[in-house]
>>> print(open('query-v8.cif').read())   # mmCIF, C-alpha atoms
data_work
#
loop_
_atom_site.label_atom_id
_atom_site.label_comp_id
_atom_site.auth_asym_id
_atom_site.auth_seq_id
_atom_site.Cartn_x
_atom_site.Cartn_y
_atom_site.Cartn_z
CA ARG A 1 -29.08 49.29 4.69
CA GLY A 2 -31.66 50.42 7.19
CA HIS A 3 -32.45 52.61 10.11
CA ALA A 4 -32.75 51.97 13.81
CA VAL A 5 -35.44 53.09 16.21
CA SER A 6 -34.26 51.05 19.18
CA LEU A 7 -30.93 50.35 20.83
CA ASP A 8 -31.03 46.67 19.81
CA MET A 9 -31.66 47.57 16.17
CA LEU A 10 -28.86 50.13 16.31
CA ARG A 11 -26.42 47.59 17.74
CA ASP A 12 -27.29 45.11 14.98
CA LEU A 13 -26.75 47.71 12.24
CA VAL A 14 -23.48 48.95 13.72
CA ASP A 15 -22.18 45.40 14.21
CA GLY A 16 -22.94 44.64 10.55
CA ALA A 17 -21.23 47.82 9.41
CA ALA A 18 -18.17 47.07 11.55
CA ARG A 19 -17.90 43.55 10.09
CA ALA A 20 -18.09 44.94 6.54
CA VAL A 21 -15.48 47.62 7.23
CA LYS A 22 -13.14 45.19 9.00
CA GLN A 23 -12.87 43.17 5.77
CA ARG A 24 -11.64 46.34 4.02
CA VAL A 25 -8.79 47.14 6.42
CA PRO A 26 -5.58 47.10 4.36
CA GLY A 27 -3.09 44.35 4.98
CA GLU A 28 0.69 44.59 5.06
CA ASP A 29 0.76 44.05 1.29
CA ILE A 30 -0.91 47.44 0.66
CA ALA A 31 1.72 50.12 0.09
CA PRO A 32 1.13 53.57 1.62
CA SER A 33 0.97 55.01 -1.91
CA ARG A 34 -2.19 52.96 -2.55
CA MET A 35 -4.02 54.05 0.61
CA ARG A 36 -5.86 57.02 -0.95
CA LEU A 37 -6.78 54.94 -4.01
CA CYS A 38 -8.90 52.52 -1.96
CA ASP A 39 -8.43 49.94 -4.71
CA TRP A 40 -7.92 46.80 -2.61
CA TRP A 41 -11.62 46.41 -1.75
CA GLN A 42 -14.86 46.49 -3.71
CA GLY A 43 -18.33 47.53 -2.76
CA PRO A 44 -20.27 50.63 -1.88
CA ARG A 45 -19.08 53.34 0.46
CA LEU A 46 -20.85 53.14 3.80
CA PHE A 47 -22.56 56.25 5.16
CA ILE A 48 -23.82 56.20 8.73
CA LEU A 49 -26.01 59.14 9.74
CA VAL A 50 -26.68 59.52 13.44
CA ASP A 51 -29.35 62.01 14.47
CA ASP A 52 -29.98 62.81 18.12
CA TYR A 53 -26.74 61.16 19.18
CA ASP A 54 -27.29 62.38 22.73
CA MET A 55 -30.29 60.00 22.88
CA VAL A 56 -28.30 56.89 21.89
CA GLY A 57 -24.64 57.55 22.79
CA GLY A 58 -25.24 56.56 26.34
CA GLY A 59 -22.94 55.62 29.14
CA PRO A 60 -20.37 52.87 29.40
CA MET A 61 -22.99 50.11 29.29
CA THR A 62 -24.73 51.29 26.11
CA GLN A 63 -21.97 52.30 23.68
CA PRO A 64 -23.54 51.02 20.46
CA PHE A 65 -20.84 52.57 18.24
CA ALA A 66 -17.91 50.87 20.00
CA PRO A 67 -17.39 48.33 17.15
CA LEU A 68 -16.59 51.23 14.78
CA LEU A 69 -14.07 53.09 16.95
CA ASP A 70 -11.00 51.24 15.67
CA HIS A 71 -11.96 51.92 12.04
CA LEU A 72 -12.50 55.68 12.25
CA ALA A 73 -8.86 56.62 11.60
CA LEU A 74 -9.05 54.86 8.21
CA GLY A 75 -12.58 56.01 7.45
CA HIS A 76 -11.90 57.32 3.95
CA GLU A 77 -9.62 54.45 3.03
CA VAL A 78 -12.17 51.78 3.98
CA GLY A 79 -15.21 53.64 2.67
CA LEU A 80 -16.66 54.55 6.07
CA HIS A 81 -18.33 57.93 6.47
CA LEU A 82 -19.94 58.91 9.76
CA VAL A 83 -22.10 61.99 10.36
CA VAL A 84 -23.13 62.61 13.96
CA ALA A 85 -25.64 65.25 15.07
CA ARG A 86 -26.51 66.02 18.65
CA SER A 87 -28.21 68.68 20.73
CA SER A 88 -26.03 71.41 22.15
CA ALA A 89 -27.55 70.87 25.60
CA GLY A 90 -24.89 69.12 27.66
CA ALA A 91 -22.58 68.93 24.64
CA GLY A 92 -19.52 69.92 26.65
CA ARG A 93 -19.96 66.89 28.91
CA GLY A 94 -20.95 64.68 25.96
CA LEU A 95 -17.59 65.17 24.27
CA ASN A 96 -16.07 62.81 26.81
CA GLU A 97 -18.13 59.96 25.37
CA SER A 98 -15.96 57.47 23.45
CA LEU A 99 -17.30 58.01 19.90
CA LEU A 100 -17.13 61.81 19.98
CA ARG A 101 -13.74 61.71 21.68
CA ARG A 102 -12.41 59.31 19.02
CA LEU A 103 -13.74 61.50 16.21
CA GLN A 104 -11.77 64.41 17.65
CA GLU A 105 -8.64 62.27 18.05
CA VAL A 106 -8.65 61.40 14.34
CA ASN A 107 -9.19 65.06 13.37
CA THR A 108 -12.68 64.66 11.99
CA PRO A 109 -14.07 68.01 10.82
CA GLY A 110 -16.94 69.42 12.85
CA LEU A 111 -19.78 71.83 12.23
CA LEU A 112 -20.88 73.84 15.25
CA MET A 113 -24.29 75.45 14.92
CA SER A 114 -25.65 78.06 17.32
CA CYS A 115 -24.96 77.01 20.88
CA PRO A 116 -24.97 78.78 24.25
CA PRO A 117 -21.45 79.89 25.24
CA SER A 118 -22.15 78.34 28.66
CA GLU A 119 -21.56 74.90 27.07
CA GLY A 120 -17.86 75.76 27.02
CA TYR A 121 -15.28 74.49 24.57
CA LEU A 122 -16.79 71.94 22.20
CA PHE A 123 -14.19 71.35 19.49
CA GLY A 124 -10.71 71.82 20.91
CA SER A 125 -10.34 75.55 21.40
CA VAL A 126 -13.71 76.48 19.85
CA LYS A 127 -16.33 77.65 22.31
CA GLY A 128 -20.06 77.60 21.67
CA ARG A 129 -21.60 80.87 20.51
CA GLU A 130 -24.96 82.25 19.51
CA LEU A 131 -25.27 82.47 15.71
CA ILE A 132 -28.06 83.57 13.41
CA PRO A 133 -30.14 80.72 11.92
CA GLY A 134 -28.27 78.89 9.19
CA ARG A 135 -24.82 80.04 10.28
CA ALA A 136 -22.25 77.64 11.66
CA VAL A 137 -18.57 77.36 12.42
CA ARG A 138 -16.67 74.67 10.50
CA ILE A 139 -13.76 73.27 12.45
CA ALA A 140 -11.07 71.27 10.66
CA ARG A 141 -7.79 70.47 12.38
CA ARG A 142 -6.59 73.85 13.64
CA LYS A 143 -8.66 76.02 11.28
CA THR A 144 -12.10 77.49 11.85
CA LEU A 145 -14.31 79.16 9.29
CA GLN A 146 -17.78 80.65 9.61
CA VAL A 147 -20.09 79.15 6.98
CA GLN A 148 -23.68 79.51 5.81
CA THR A 149 -25.73 76.32 5.69
CA GLY A 150 -29.01 75.72 3.93
CA LEU A 151 -31.88 76.88 6.11
CA VAL A 152 -35.09 74.89 5.79
CA GLY A 153 -38.26 76.70 6.79
CA ASP A 154 -40.55 75.47 9.52
CA GLY A 155 -43.21 74.44 6.99
CA SER A 156 -45.67 77.24 7.73
#
>>> encode(input="query-v8.cif", output="structure tokens")
Amino acid sequence: RGHAVSLDMLRDLVDGAARAVKQRVPGEDIAPSRMRLCDWWQGPRLFILVDDYDMVGGGPMTQPFAPLLDHLALGHEVGLHLVVARSSAGAGRGLNESLLRRLQEVNTPGLLMSCPPSEGYLFGSVKGRELIPGRAVRIARRKTLQVQTGLVGDGS
């Protein structure tokens, strides 16, 4: 439990989360029919919320989420839930970063908010587009759907 405001704090939290999740990875004794039940481990589900990912994702020397990459394919089964938010600026280039690439490889759903089309393709074959505030495109496997999200005012 906690939040990180520095790279060192983030690494410590992610390392702890990865250790906890690693203990939940099913062994050979777990039949495929039990996978969705998640009944071979106990404890709370782990939710990791990453805001401003573009500020912490970093290059090859600063990949703080690397310890989680191997566990993302079994996220549901081991109680790991990861939500990543990032700016659309440079998002096309950012998708080559290991965490975002791995999330796409394991078919994690995405939510694309308004984004300049100049950013290119951001989720497979989905290109950025200008949308009215609160609108987004939900991308799941090979299906896209325009959705309305909650719009919070600016406080004025």
>>> closest_residue(input="query-v8.cif", among="A:Val56, A:Ala89, A:Met113, A:Leu74", to="Asp8 in chain A", atoms="all atoms listed in the file")
A:Val56
>>> resolve_selection(input="query-v8.cif", expression="the PyMOL selection byres ((chain A and resi 13) around 12)", output="list in words")
Arg1, Gly2, His3, Ala4, Val5, Ser6, Leu7, Asp8, Met9, Leu10, Arg11, Asp12, Val14, Asp15, Gly16, Ala17, Ala18, Arg19, Ala20, Leu46, Phe47, Ile48, Leu49, Val50, Pro64, Phe65, Pro67 and Leu68 of chain A
>>> atom_distance(input="query-v8.cif", atom1="CA of Pro116 in chain A", atom2="CA of Ala136 in chain A")
12.9 Å
>>> atom_distance(input="query-v8.cif", atom1="CA of Val78 in chain A", atom2="CA of Arg138 in chain A")
24.2 Å
>>> resolve_selection(input="query-v8.cif", expression="the PyMOL selection byres ((chain A and resi 77) around 8)", output="mmCIF file with C-alpha atoms, keeping the file's coordinate frame")
data_model
loop_
_atom_site.group_PDB
_atom_site.id
_atom_site.type_symbol
_atom_site.label_atom_id
_atom_site.label_comp_id
_atom_site.auth_asym_id
_atom_site.auth_seq_id
_atom_site.Cartn_x
_atom_site.Cartn_y
_atom_site.Cartn_z
ATOM 1 C CA MET A 35 -4.020 54.050 0.610
ATOM 2 C CA ARG A 36 -5.860 57.020 -0.950
ATOM 3 C CA LEU A 37 -6.780 54.940 -4.010
ATOM 4 C CA CYS A 38 -8.900 52.520 -1.960
ATOM 5 C CA LEU A 74 -9.050 54.860 8.210
ATOM 6 C CA GLY A 75 -12.580 56.010 7.450
ATOM 7 C CA HIS A 76 -11.900 57.320 3.950
ATOM 8 C CA VAL A 78 -12.170 51.780 3.980
ATOM 9 C CA GLY A 79 -15.210 53.640 2.670
ATOM 10 C CA LEU A 80 -16.660 54.550 6.070
#
>>> resolve_selection(input="query-v8.cif", expression="the PyMOL selection byres ((chain A and resi 124) around 10)", output="JSON, numbers by chain")
{"A": [104, 121, 122, 123, 125, 126, 127, 139, 141, 142]}
>>> atom_distance(input="query-v8.cif", atom1="CA of Glu97 in chain A", atom2="CA of His71 in chain A")
16.7 Å
